[in-house]
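Structure file run-v4.txt (compact mmCIF, C-alpha atoms) is printed below.
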```txt
# COMPACT_ATOMS: atom_id res chain seq x y z
CA MET A 5 -115.65 42.32 -166.23
CA THR A 6 -113.04 43.93 -168.48
CA SER A 7 -115.01 47.14 -168.86
CA ALA A 8 -115.43 47.42 -165.11
CA LYS A 9 -111.69 47.10 -164.57
CA THR A 10 -110.99 49.65 -167.28
CA GLU A 11 -113.49 52.03 -165.72
CA GLU A 12 -111.77 51.70 -162.35
CA LYS A 13 -108.42 52.60 -163.91
CA GLN A 14 -109.67 55.79 -165.54
CA PRO A 15 -107.72 58.78 -164.22
CA THR A 16 -109.50 61.46 -162.27
CA VAL A 17 -109.79 65.03 -163.54
CA LEU A 18 -106.97 66.10 -161.22
CA GLU A 19 -104.74 63.26 -162.46
CA GLN A 20 -105.45 64.24 -166.06
CA MET A 21 -104.09 67.71 -165.24
CA GLY A 22 -100.95 66.26 -163.67
CA GLY A 23 -102.12 66.44 -160.09
CA VAL A 24 -101.57 69.29 -157.65
CA SER A 25 -97.79 69.15 -158.16
CA GLY A 26 -98.21 69.39 -161.94
CA MET A 27 -100.39 72.47 -161.56
CA LEU A 28 -97.84 74.15 -159.29
CA TYR A 29 -94.85 73.21 -161.42
CA SER A 30 -96.36 74.59 -164.63
CA SER A 31 -97.24 77.86 -162.90
CA LEU A 32 -93.87 78.60 -161.32
CA PRO A 33 -91.87 79.75 -164.40
CA VAL A 34 -94.61 82.25 -165.29
CA LEU A 35 -94.73 83.59 -161.72
CA VAL A 36 -90.94 83.82 -161.58
CA PHE A 37 -90.84 85.72 -164.87
CA VAL A 38 -93.45 88.29 -163.79
CA ILE A 39 -92.04 88.77 -160.29
CA VAL A 40 -88.43 89.22 -161.44
CA ASN A 41 -89.46 91.50 -164.30
CA PHE A 42 -91.58 93.63 -161.97
CA THR A 43 -88.99 93.92 -159.20
CA THR A 44 -85.85 94.37 -161.31
CA LYS A 45 -87.33 96.02 -164.42
CA ASN A 46 -84.81 93.86 -166.28
CA LEU A 47 -86.21 91.70 -169.06
CA MET A 48 -83.08 89.58 -169.44
CA ALA A 49 -83.01 88.80 -165.71
CA ALA A 50 -86.67 87.74 -165.90
CA ILE A 51 -86.00 85.52 -168.91
CA ILE A 52 -82.99 83.83 -167.30
CA SER A 53 -84.87 83.33 -164.02
CA SER A 54 -87.90 81.75 -165.72
CA LEU A 55 -85.67 79.44 -167.77
CA ALA A 56 -83.75 78.44 -164.65
CA ALA A 57 -87.03 77.69 -162.87
CA ALA A 58 -88.18 75.57 -165.84
CA VAL A 59 -84.89 73.62 -165.87
CA VAL A 60 -85.08 72.94 -162.13
CA ILE A 61 -88.69 71.80 -162.48
CA GLY A 62 -87.74 69.63 -165.44
CA VAL A 63 -84.96 67.94 -163.47
CA VAL A 64 -87.28 67.34 -160.51
CA LEU A 65 -89.90 65.80 -162.81
CA ALA A 66 -87.27 63.70 -164.58
CA VAL A 67 -85.98 62.33 -161.26
CA ARG A 68 -89.49 61.59 -160.01
CA LYS A 69 -90.69 59.92 -163.22
CA GLY A 70 -87.37 58.29 -164.18
CA THR A 71 -87.29 59.76 -167.70
CA VAL A 72 -85.98 62.93 -169.36
CA GLN A 73 -89.20 63.51 -171.30
CA PRO A 74 -90.84 65.57 -168.52
CA ALA A 75 -87.70 67.72 -168.33
CA ILE A 76 -87.83 68.41 -172.07
CA SER A 77 -91.55 69.20 -171.91
CA ALA A 78 -91.09 71.50 -168.91
CA VAL A 79 -88.34 73.53 -170.61
CA PHE A 80 -89.70 73.55 -174.17
CA GLY A 81 -92.69 75.87 -173.72
CA VAL A 82 -90.88 78.26 -171.41
CA GLY A 83 -87.88 78.29 -173.75
CA ILE A 84 -90.00 79.36 -176.72
CA ALA A 85 -91.80 82.01 -174.64
CA ALA A 86 -88.50 83.36 -173.36
CA PHE A 87 -87.01 83.44 -176.88
CA ILE A 88 -89.97 85.46 -178.20
CA ALA A 89 -89.69 87.88 -175.28
CA TYR A 90 -85.97 88.28 -176.02
CA LYS A 91 -86.53 88.86 -179.75
CA THR A 92 -89.36 91.37 -179.23
CA GLY A 93 -87.56 93.08 -176.37
CA GLU A 94 -90.83 93.29 -174.44
CA ALA A 95 -91.96 91.41 -171.35
CA LYS A 96 -95.40 90.84 -172.86
CA GLY A 97 -93.74 88.83 -175.64
CA PHE A 98 -93.30 86.05 -173.07
CA PHE A 99 -97.04 85.35 -173.39
CA LEU A 100 -97.34 85.64 -177.18
CA PHE A 101 -96.61 81.99 -177.92
CA GLY A 102 -99.33 80.81 -175.52
CA ILE A 103 -101.82 83.27 -176.99
CA TRP A 104 -101.43 82.01 -180.54
CA GLN A 105 -101.13 78.44 -179.32
CA SER A 106 -104.67 78.81 -177.98
CA VAL A 107 -105.90 79.77 -181.47
CA VAL A 108 -104.22 76.74 -183.05
CA TYR A 109 -105.62 74.34 -180.45
CA GLY A 110 -109.09 75.86 -180.57
CA SER A 111 -109.15 75.64 -184.37
CA ALA A 112 -107.98 72.03 -184.29
CA PHE A 113 -110.75 71.07 -181.89
CA LEU A 114 -113.39 72.83 -184.02
CA LEU A 115 -112.07 71.23 -187.22
CA SER A 116 -112.20 67.78 -185.62
CA ILE A 117 -115.95 68.27 -185.07
CA VAL A 118 -116.43 69.20 -188.72
CA VAL A 119 -114.63 66.06 -189.97
CA ARG A 120 -116.55 63.86 -187.46
CA ARG A 121 -113.46 62.95 -185.45
CA PRO A 122 -114.01 64.92 -182.22
CA LEU A 123 -110.65 65.28 -180.51
CA ALA A 124 -112.07 64.84 -177.01
CA GLY A 125 -112.97 61.26 -177.92
CA VAL A 126 -109.87 60.58 -180.02
CA ILE A 127 -107.46 61.79 -177.33
CA TRP A 128 -109.29 60.03 -174.49
CA THR A 129 -109.34 56.80 -176.49
CA PHE A 130 -105.60 57.07 -177.18
CA LEU A 131 -104.64 57.90 -173.58
CA ASN A 132 -106.75 55.14 -172.05
CA GLY A 133 -106.13 52.40 -174.62
CA ARG A 134 -109.75 52.11 -175.69
CA ASP A 135 -111.02 50.86 -179.05
CA ARG A 136 -112.65 53.18 -181.58
CA SER A 137 -116.05 51.52 -181.69
CA TRP A 138 -117.64 54.73 -180.36
CA ARG A 139 -117.13 56.33 -183.79
CA ASP A 140 -119.84 54.05 -185.21
CA ASP A 141 -122.44 55.33 -182.75
CA LYS A 142 -123.97 58.68 -183.76
CA ALA A 143 -125.18 59.55 -180.25
CA THR A 144 -121.72 58.93 -178.79
CA VAL A 145 -120.05 61.01 -181.49
CA ARG A 146 -122.51 63.80 -180.66
CA ASP A 147 -121.57 63.64 -176.97
CA TYR A 148 -117.89 63.87 -177.84
CA ASP A 149 -118.71 66.75 -180.20
CA ILE A 150 -120.13 68.64 -177.21
CA ALA A 151 -117.05 67.93 -175.07
CA THR A 152 -114.77 68.93 -177.96
CA PHE A 153 -116.71 72.17 -178.44
CA VAL A 154 -116.19 72.99 -174.75
CA TRP A 155 -112.45 72.55 -175.26
CA ALA A 156 -112.59 74.86 -178.29
CA LEU A 157 -114.43 77.49 -176.26
CA VAL A 158 -111.77 77.28 -173.53
CA PHE A 159 -108.95 77.91 -176.00
CA PHE A 160 -110.72 80.73 -177.83
CA ALA A 161 -111.68 82.38 -174.54
CA ARG A 162 -108.01 82.32 -173.55
CA PHE A 163 -107.06 83.91 -176.85
CA VAL A 164 -109.65 86.71 -176.71
CA VAL A 165 -108.90 87.74 -173.12
CA GLN A 166 -105.13 87.41 -173.27
CA ARG A 167 -104.85 89.08 -176.67
CA TRP A 168 -106.82 92.03 -175.31
CA LEU A 169 -104.46 92.28 -172.32
CA TYR A 170 -101.45 91.87 -174.62
CA ASP A 171 -102.58 94.77 -176.81
CA GLY A 172 -103.02 96.85 -173.64
CA ASP A 173 -99.47 96.01 -172.40
CA GLN A 174 -100.90 94.56 -169.18
CA VAL A 175 -98.07 92.16 -168.34
CA GLY A 176 -99.17 91.56 -164.74
CA TRP A 177 -102.75 90.85 -165.72
CA LEU A 178 -101.52 88.65 -168.54
CA ALA A 179 -99.87 86.43 -165.95
CA VAL A 180 -103.05 86.41 -163.87
CA ALA A 181 -105.14 85.51 -166.92
CA ARG A 182 -102.63 82.85 -167.98
CA LEU A 183 -102.93 81.12 -164.59
CA ALA A 184 -106.64 81.75 -163.96
CA MET A 185 -107.63 80.59 -167.45
CA GLY A 186 -105.30 77.61 -167.36
CA TYR A 187 -106.15 74.68 -165.13
CA PRO A 188 -109.52 76.01 -163.86
CA LEU A 189 -110.91 76.16 -167.40
CA MET A 190 -109.18 72.89 -168.31
CA ALA A 191 -111.00 71.30 -165.37
CA ILE A 192 -114.33 72.35 -166.89
CA ALA A 193 -113.36 70.93 -170.28
CA LEU A 194 -112.16 67.70 -168.68
CA LEU A 195 -115.43 67.37 -166.78
CA ALA A 196 -117.27 67.71 -170.09
CA THR A 197 -115.04 64.98 -171.51
CA VAL A 198 -115.67 62.68 -168.52
CA TRP A 199 -119.42 63.30 -168.95
CA ALA A 200 -119.19 62.25 -172.60
CA VAL A 201 -117.05 59.21 -171.74
CA ARG A 202 -119.49 57.94 -169.12
CA ARG A 203 -122.48 58.38 -171.44
CA ALA A 204 -120.58 56.65 -174.24
CA ASP A 205 -119.50 53.74 -172.00
CA LYS A 206 -123.04 53.25 -170.72
CA ARG A 207 -124.52 53.36 -174.22
CA LEU A 208 -121.90 51.08 -175.76
CA LYS A 209 -122.18 48.61 -172.89
CA ALA A 210 -125.96 48.45 -173.37
CA ALA A 211 -125.47 47.93 -177.12
CA GLU A 212 -122.91 45.19 -176.44
CA GLU A 213 -125.26 43.42 -174.02
CA ALA A 214 -128.11 43.70 -176.54
CA ALA A 215 -125.89 42.23 -179.27
CA GLU A 216 -124.88 39.35 -176.98
CA ALA A 217 -128.54 38.69 -176.08
CA LYS A 218 -129.45 38.71 -179.77
CA ALA A 219 -126.62 36.31 -180.56
CA ARG A 220 -127.76 33.96 -177.78
CA SER A 221 -131.38 34.01 -178.98
CA GLU A 222 -130.28 33.37 -182.57
CA ALA A 223 -128.12 30.45 -181.41
CA GLU A 224 -131.05 29.02 -179.44
CA ALA A 225 -133.34 29.45 -182.46
CA GLU A 226 -130.83 27.64 -184.68
CA GLU A 227 -130.62 24.84 -182.14
CA VAL A 228 -134.41 24.49 -182.09
CA LEU A 229 -134.54 24.47 -185.91
CA ALA A 230 -131.79 21.86 -186.02
CA ARG A 231 -133.70 19.63 -183.59
CA THR A 232 -136.90 20.12 -185.58
CA ALA A 233 -135.12 19.22 -188.80
CA ASP A 234 -133.71 16.09 -187.17
CA ASP A 235 -137.20 15.13 -186.02
CA LEU A 236 -138.56 15.61 -189.53
CA LEU A 237 -135.76 13.76 -191.25
CA THR A 238 -135.41 10.92 -188.71
CA PRO A 239 -138.29 8.42 -189.01
CA ASP A 240 -140.33 7.45 -185.96
CA MET A 241 -139.39 3.74 -185.64
CA ASP A 242 -142.36 2.88 -183.41
CA GLU A 243 -144.78 4.41 -185.87
CA LEU A 244 -143.03 2.67 -188.75
CA LYS A 245 -143.25 -0.64 -186.94
CA ARG A 246 -146.99 -0.17 -186.36
CA VAL A 247 -147.51 0.53 -190.05
CA VAL A 248 -145.53 -2.56 -191.07
CA ASP A 249 -147.43 -4.73 -188.58
CA ALA A 250 -150.76 -3.41 -189.86
CA GLU A 251 -149.78 -4.15 -193.47
CA SER A 252 -148.67 -7.68 -192.46
CA ARG A 253 -152.02 -8.33 -190.77
CA ASP A 254 -153.87 -7.08 -193.83
CA ARG A 255 -151.90 -9.46 -196.08
CA SER A 256 -152.52 -12.42 -193.76
CA ARG A 257 -156.25 -11.81 -193.89
CA ASP A 258 -156.14 -11.73 -197.64
```

Can the structure from this file be put into structure tokens for me?
Amino acid sequence: MTSAKTEEKQPTVLEQMGGVSGMLYSSLPVLVFVIVNFTTKNLMAAIISSLAAAVVIGVVLAVRKGTVQPAISAVFGVGIAAFIAYKTGEAKGFFLFGIWQSVVYGSAFLLSIVVRRPLAGVIWTFLNGRDRSWRDDKATVRDYDIATFVWALVFFARFVVQRWLYDGDQVGWLAVARLAMGYPLMAIALLATVWAVRRADKRLKAAEEAAEAKARSEAEAEEVLARTADDLLTPDMDELKRVVDAESRDRSRD
């Protein structure tokens, strides 16, 4: 009953990505930066415009969710990207933080497979309030390894493509790659995670039912043994009475 309710509450792939609005909001500062930089040929104007877009988006998210955390998250990444662009003096510097961020994330996901703590399972468990019993099941860990490896491939693919465009000073194509390799590839990785979660839930549920059936059979066996022991230890009064009567008759004959 509990597992069924939990399964119903699991977020969809689109919800995991923040929904349609989340996808649009995260894309706007990048689009604003590229458009302003292309039309004005002014890096500072592009930086200020992208930061302003991030602040507006952050305020909108804060009002909608009733907390300032979304505002901080919305501005943080864009702020770092804008700072790097300002320090390097090049528009392509706006994308440098995201490029190296992909390497860090990809490496973390690969390392988690090596240490037998696949991040796809760890993060899903944390976000959905599940227990960590799946870590004791080798087949489930293997499924989460596969999902985690898909995530690692996504991040390393981002790095390879965007680093190549960065080295070629292709600012416009960098923006295209940033958006095209963002949520679409994340959707694939999330689908791999959902696949692993469903296989894990099915396997763990079957194991739980088997354990419950085993516990019931053991309890029934103990009950049967207890009754048998009682039968062996408790004398049969009718039989005892017959024996006593027979002995009495034998004495009377004597």

Of A:Arg202, A:Val158, A:Ala58, A:Ala210, the one nearest to Pro188 (chain A) when counting only C-alpha atoms is A:Val158

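Comparing the minimum interatomic distances between Ala204 (chain A) and each of A:Trp128, A:Trp138, A:Phe101, A:Trp168, counting only C-alpha atoms, we find that A:Trp138 sits nearest.
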
Choose the residue, out of A:Ala184, A:Ala200, A:Ala124, A:Ala89, that has the smallest atom-to-atom separation from Leu47 (chain A); count all atoms listed in the file.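 Of the candidates, the smallest distance to Leu47 (chain A) is held by A:Ala89.
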
What does the distance between CA of Ser137 (chain A) and CA of Phe159 (chain A) come to in Å, to one decimal place? 27.9 Å

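Candidate residues A:Trp155, A:Val59, A:Tyr90, A:Ala143 were compared for distance to Leu123 (chain A), and the nearest is A:Trp155, using all atoms listed in the file.
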
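CA of Ser106 (chain A) to CA of Ile84 (chain A) spans 14.7 Å [interatomic distance, one decimal].
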
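Taking CA of Phe113 (chain A) and CA of Ile76 (chain A) as the two end points, the separation is 25.1 Å.
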
Excluding Gly186 (chain A) and residues on its chain fewer than 3 positions from it, collect all residues at most 12 Å away from it, counting all atoms listed in the file, and give them as a PDB file with C-alpha atoms, in the frame of the given file.
```
ATOM      1  CA  MET A  21    -104.090  67.710-165.240  1.00  0.00           C
ATOM      2  CA  MET A  27    -100.390  72.470-161.560  1.00  0.00           C
ATOM      3  CA  LEU A  28     -97.840  74.150-159.290  1.00  0.00           C
ATOM      4  CA  SER A  30     -96.360  74.590-164.630  1.00  0.00           C
ATOM      5  CA  SER A  31     -97.240  77.860-162.900  1.00  0.00           C
ATOM      6  CA  VAL A  34     -94.610  82.250-165.290  1.00  0.00           C
ATOM      7  CA  GLY A 102     -99.330  80.810-175.520  1.00  0.00           C
ATOM      8  CA  ILE A 103    -101.820  83.270-176.990  1.00  0.00           C
ATOM      9  CA  SER A 106    -104.670  78.810-177.980  1.00  0.00           C
ATOM     10  CA  TRP A 155    -112.450  72.550-175.260  1.00  0.00           C
ATOM     11  CA  VAL A 158    -111.770  77.280-173.530  1.00  0.00           C
ATOM     12  CA  PHE A 159    -108.950  77.910-176.000  1.00  0.00           C
ATOM     13  CA  ALA A 161    -111.680  82.380-174.540  1.00  0.00           C
ATOM     14  CA  ARG A 162    -108.010  82.320-173.550  1.00  0.00           C
ATOM     15  CA  PHE A 163    -107.060  83.910-176.850  1.00  0.00           C
ATOM     16  CA  GLN A 166    -105.130  87.410-173.270  1.00  0.00           C
ATOM     17  CA  LEU A 178    -101.520  88.650-168.540  1.00  0.00           C
ATOM     18  CA  ALA A 179     -99.870  86.430-165.950  1.00  0.00           C
ATOM     19  CA  VAL A 180    -103.050  86.410-163.870  1.00  0.00           C
ATOM     20  CA  ALA A 181    -105.140  85.510-166.920  1.00  0.00           C
ATOM     21  CA  ARG A 182    -102.630  82.850-167.980  1.00  0.00           C
ATOM     22  CA  LEU A 183    -102.930  81.120-164.590  1.00  0.00           C
ATOM     23  CA  LEU A 189    -110.910  76.160-167.400  1.00  0.00           C
ATOM     24  CA  MET A 190    -109.180  72.890-168.310  1.00  0.00           C
ATOM     25  CA  ALA A 191    -111.000  71.300-165.370  1.00  0.00           C
ATOM     26  CA  ILE A 192    -114.330  72.350-166.890  1.00  0.00           C
ATOM     27  CA  ALA A 193    -113.360  70.930-170.280  1.00  0.00           C
TER      28      ALA A 193
END
```

So which one's closest to Tyr148 (chain A), A:Glu94, A:Asp171, A:Asp205, A:Glu216? Using only C-alpha atoms, please.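 Residue with the minimum atom-to-atom distance to Tyr148 (chain A): A:Asp205.
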
Close residues, Ala49 (chain A) itself excluded, 12 Å, all atoms listed in the file, min 3 positions apart in chain, as a count of residues only: 20

Identify which of the residues A:Arg139, A:Arg68, A:Arg120, A:Arg207 lies closest to Thr152 (chain A), counting all atoms listed in the file when measuring atom-to-atom distances.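 For Thr152 (chain A), the nearest of the candidates is A:Arg120.
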